Amino acid sequence: MTARRPAGAFIGSLGCGAVAAVLVLSRSRAAWLAVAASAVVLAVPLLASRKYWSGQRIGGRFARIALVAAVGAGAAIALPNRLNWNSDSPYLDSARGMVDYKTGSGRGRLAQYFNSMRMAAAHPVYGVGPGNWPVRYVRFAPPSDKSIADDGMTANPWPSSDWVAFVSERGMVAALALLGVFAVLFVRALRRWSELDGGEAVLAKLVLAGTITATLVVSAFDVALHLAAPAFLAWSVVGVASGIGRRGRAVTFPRAAWATTVVATLCIVGASIVRSATQTAAIVTVGNGGSAAGWIHAAPLDPGSYRINLRVAQLFAARGRCSYVRVYAHRARNLFPNAPAARQLLQRCG
């Protein structure tokens with residue numbers, strides 16, 4: 001009687017194929033570099049760990065996953081799609097330009113990183129504060145910087161690198177501390193395999209090392225840890241895999257501590273829901289942007305929106321009502337002091 005292959009293994013193989021296809025279709029050069037870096041970093045540890053998982057059919061599972069991933073990537077290249085690339089060979093062009101830093105977005109990233117480091121040098125210890133990169137970046141960027149849009153604001157709310165954002169917004173100390181955490185977890189993932197319970201635990205440690213490598217590479221050239229979905233995925237894998245093989249201890253909390261934690265959590269969640277609801281209501285009120293009344297009614301719903309306050313100030317400026325212009329232009333300038341549009345409106349109205 002032969003054992004049947006678990007359904008989970010089959011579904012996992014199909015999932016790897018789908019992920020490989022999506023990875024190719026995305027044309028994310030940072031993700032491609034991360035896959036290559038993880039394969040190089042894990043090649044020797046994977047061979048060294050064979051004695052821990054030999055005889056457990058893990059080699060066959062790995063071969064199936066690699067085959068399905070290759071099929072998924074090939075299918076993504078060969079099958080037609082509706083992605084309107086401006087090139088006859090888009091995937092080949094992306095592969096050729098993975099390390100291109102002299103032209104295109106690579107050159108723009110280097111300029112952005114350099115200007116962000118100037119910002120970090122001006123605030124080396126604590127940085128400019130979380131979320132303040134677009135507020136302060138305009139001061140350090142020349143007019144020719146491609147990160148600046150036509151309205152004098154940054155095109156994105158963060159730089160094209162998690163680590164540049166960490167250094168410039170949180171400061172050098174916080175960035176080095178986070179890098180140290182990754183370094184310690186990576187080294188521990190490749191040590192003391194003999195103390196683990198079987199080959200599955202050893203492979204989980206290799207998954208930890210690969211996840212850290214991929215995260216560091218992607219976050220060096222793109223934004224991952226600043227976004228909820230990839231950050232949740234990365235930290236979940238890191239948290240689960242790093243705890244394997246460690247003995248825990250039971251901790252009991254008094255009922256009063258649990259009650260306080262639950263109440264505090266509900267308050268934070270409730271405030272976040274209200275905040276999101278008012279921002280959504282402001283977007284709905286603005287609609288397609290063609291109604292002046294929609295902008296005016298949206299301003300109280302989302303007072304922290306620079307663009308809504310600026311647009312309302314511009315509408316009142318067109319009507320010559322400087323008393324209202326000063327109110328909303330001041331709000332916009334307080335949110336982004338270095339953006340030129342609000343300052344120009346205030347100068348016009350004295």
# chains A, B, ... in the order shown; residues from 1 in each chain; ligands from 1
call {"tool": "residues_around", "arguments": {"residues": "stretch 246-259 of chain A", "least_positions_apart": "5", "cutoff": "12 Å", "atoms": "only C-alpha atoms", "output": "list in words"}}
result
Arg188, Ala189, Arg192, Trp193, Glu195, Leu196, Asp197, Ala201, Lys205, Gly239, Val240, Ala241, Ala264, Thr265 and Leu266 of chain A
call {"tool": "select_by_dssp", "arguments": {"residues": "stretch 227-319 of chain A", "states": "alpha helix (DSSP H)", "output": "ChimeraX atom specification"}}
result
/A:228-242,255-286,292-298,306-318
call {"tool": "residues_around", "arguments": {"residues": "A:Gly294", "least_positions_apart": "3", "cutoff": "10 Å", "atoms": "only C-alpha atoms", "output": "list in words"}}
result
Ala282, Ile283, Val284, Thr285, Val286, Gly287, Asn288, Gly289, Gly290, Ser291, His297, Ala298, Ala299 and Val312 of chain A
call {"tool": "residues_around", "arguments": {"residues": "A:Thr213", "least_positions_apart": "4", "cutoff": "8 Å", "atoms": "only C-alpha atoms", "output": "PDB file with all heavy atoms, in the first residue's frame"}}
result
ATOM      1  N   ALA A  34      16.241  39.957  -5.294  1.00  0.00           N
ATOM      2  CA  ALA A  34      16.068  39.275  -4.014  1.00  0.00           C
ATOM      3  C   ALA A  34      16.061  37.764  -4.188  1.00  0.00           C
ATOM      4  O   ALA A  34      16.659  37.027  -3.388  1.00  0.00           O
ATOM      5  CB  ALA A  34      14.772  39.733  -3.346  1.00  0.00           C
ATOM      6  N   ALA A  37      19.652  36.738  -4.934  1.00  0.00           N
ATOM      7  CA  ALA A  37      20.481  36.819  -3.731  1.00  0.00           C
ATOM      8  C   ALA A  37      20.164  35.687  -2.765  1.00  0.00           C
ATOM      9  O   ALA A  37      21.076  35.086  -2.171  1.00  0.00           O
ATOM     10  CB  ALA A  37      20.278  38.171  -3.053  1.00  0.00           C
ATOM     11  N   SER A  38      18.889  35.372  -2.597  1.00  0.00           N
ATOM     12  CA  SER A  38      18.515  34.279  -1.689  1.00  0.00           C
ATOM     13  C   SER A  38      19.053  32.949  -2.189  1.00  0.00           C
ATOM     14  O   SER A  38      19.524  32.117  -1.398  1.00  0.00           O
ATOM     15  CB  SER A  38      16.990  34.220  -1.561  1.00  0.00           C
ATOM     16  OG  SER A  38      16.480  35.409  -0.993  1.00  0.00           O
ATOM     17  N   VAL A  41      22.851  32.918  -1.469  1.00  0.00           N
ATOM     18  CA  VAL A  41      23.151  32.843  -0.034  1.00  0.00           C
ATOM     19  C   VAL A  41      22.815  31.464   0.525  1.00  0.00           C
ATOM     20  O   VAL A  41      23.534  30.933   1.376  1.00  0.00           O
ATOM     21  CB  VAL A  41      22.392  33.944   0.719  1.00  0.00           C
ATOM     22  CG1 VAL A  41      22.473  33.743   2.227  1.00  0.00           C
ATOM     23  CG2 VAL A  41      22.953  35.315   0.350  1.00  0.00           C
ATOM     24  N   ALA A 209      16.600  32.430   7.064  1.00  0.00           N
ATOM     25  CA  ALA A 209      17.747  33.092   6.445  1.00  0.00           C
ATOM     26  C   ALA A 209      17.392  33.632   5.065  1.00  0.00           C
ATOM     27  O   ALA A 209      17.781  34.750   4.696  1.00  0.00           O
ATOM     28  CB  ALA A 209      18.920  32.121   6.350  1.00  0.00           C
ATOM     29  N   VAL A 217      17.265  42.806   0.582  1.00  0.00           N
ATOM     30  CA  VAL A 217      17.521  43.214  -0.798  1.00  0.00           C
ATOM     31  C   VAL A 217      16.359  44.039  -1.343  1.00  0.00           C
ATOM     32  O   VAL A 217      16.558  45.108  -1.931  1.00  0.00           O
ATOM     33  CB  VAL A 217      17.782  41.982  -1.688  1.00  0.00           C
ATOM     34  CG1 VAL A 217      17.884  42.388  -3.156  1.00  0.00           C
ATOM     35  CG2 VAL A 217      19.054  41.282  -1.252  1.00  0.00           C
TER      36      VAL A 217
END
call {"tool": "residues_around", "arguments": {"residues": "A:Phe336", "least_positions_apart": "2", "cutoff": "12 Å", "atoms": "only C-alpha atoms", "output": "PDB file with C-alpha atoms, in the first residue's frame"}}
result
ATOM      1  CA  GLY A 131       6.202  60.055   7.827  1.00  0.00           C
ATOM      2  CA  ASN A 132       8.037  63.366   7.490  1.00  0.00           C
ATOM      3  CA  TRP A 133      10.237  62.453   4.528  1.00  0.00           C
ATOM      4  CA  PRO A 134       7.924  64.146   1.962  1.00  0.00           C
ATOM      5  CA  VAL A 135       7.636  67.179   4.253  1.00  0.00           C
ATOM      6  CA  ARG A 136      11.378  67.819   4.511  1.00  0.00           C
ATOM      7  CA  TYR A 137      12.717  66.338   1.273  1.00  0.00           C
ATOM      8  CA  VAL A 138      11.792  69.384  -0.834  1.00  0.00           C
ATOM      9  CA  ARG A 139      14.348  71.482   1.071  1.00  0.00           C
ATOM     10  CA  GLY A 152       6.366  71.091  -5.923  1.00  0.00           C
ATOM     11  CA  MET A 153       5.549  68.050  -3.779  1.00  0.00           C
ATOM     12  CA  THR A 154       7.207  64.657  -3.726  1.00  0.00           C
ATOM     13  CA  PRO A 157       5.078  59.676   0.405  1.00  0.00           C
ATOM     14  CA  GLY A 304      -4.800  66.588   7.722  1.00  0.00           C
ATOM     15  CA  SER A 305      -5.025  66.461   3.918  1.00  0.00           C
ATOM     16  CA  TYR A 306      -2.631  68.937   2.331  1.00  0.00           C
ATOM     17  CA  ARG A 307      -4.190  68.689  -1.097  1.00  0.00           C
ATOM     18  CA  ASN A 309      -6.784  72.335   2.146  1.00  0.00           C
ATOM     19  CA  LEU A 310      -4.707  73.699  -0.721  1.00  0.00           C
ATOM     20  CA  ALA A 329      -3.482  78.080   3.023  1.00  0.00           C
ATOM     21  CA  HIS A 330      -2.064  78.307   6.557  1.00  0.00           C
ATOM     22  CA  ARG A 331      -3.325  74.784   7.246  1.00  0.00           C
ATOM     23  CA  ALA A 332      -1.708  73.506   4.055  1.00  0.00           C
ATOM     24  CA  ARG A 333       1.571  75.298   4.775  1.00  0.00           C
ATOM     25  CA  ASN A 334       1.676  73.928   8.327  1.00  0.00           C
ATOM     26  CA  ASN A 338       8.385  73.641   2.086  1.00  0.00           C
ATOM     27  CA  ALA A 339       5.760  73.181  -0.633  1.00  0.00           C
ATOM     28  CA  PRO A 340       5.576  76.357  -2.757  1.00  0.00           C
ATOM     29  CA  ALA A 341       1.889  76.511  -3.670  1.00  0.00           C
ATOM     30  CA  ALA A 342       0.555  77.409  -0.193  1.00  0.00           C
ATOM     31  CA  ARG A 343       3.269  80.031   0.302  1.00  0.00           C
TER      32      ARG A 343
END
call {"tool": "closest_residue", "arguments": {"among": "A:Leu206, A:Ala78, A:Leu346, A:Val263", "to": "A:Ala39", "atoms": "only C-alpha atoms"}}
result
A:Leu206
call {"tool": "residues_around", "arguments": {"residues": "A:Ser160", "least_positions_apart": "6", "cutoff": "10 Å", "atoms": "only C-alpha atoms", "output": "number ranges by chain"}}
result
A: 105, 108-110, 112-113, 147, 219-224
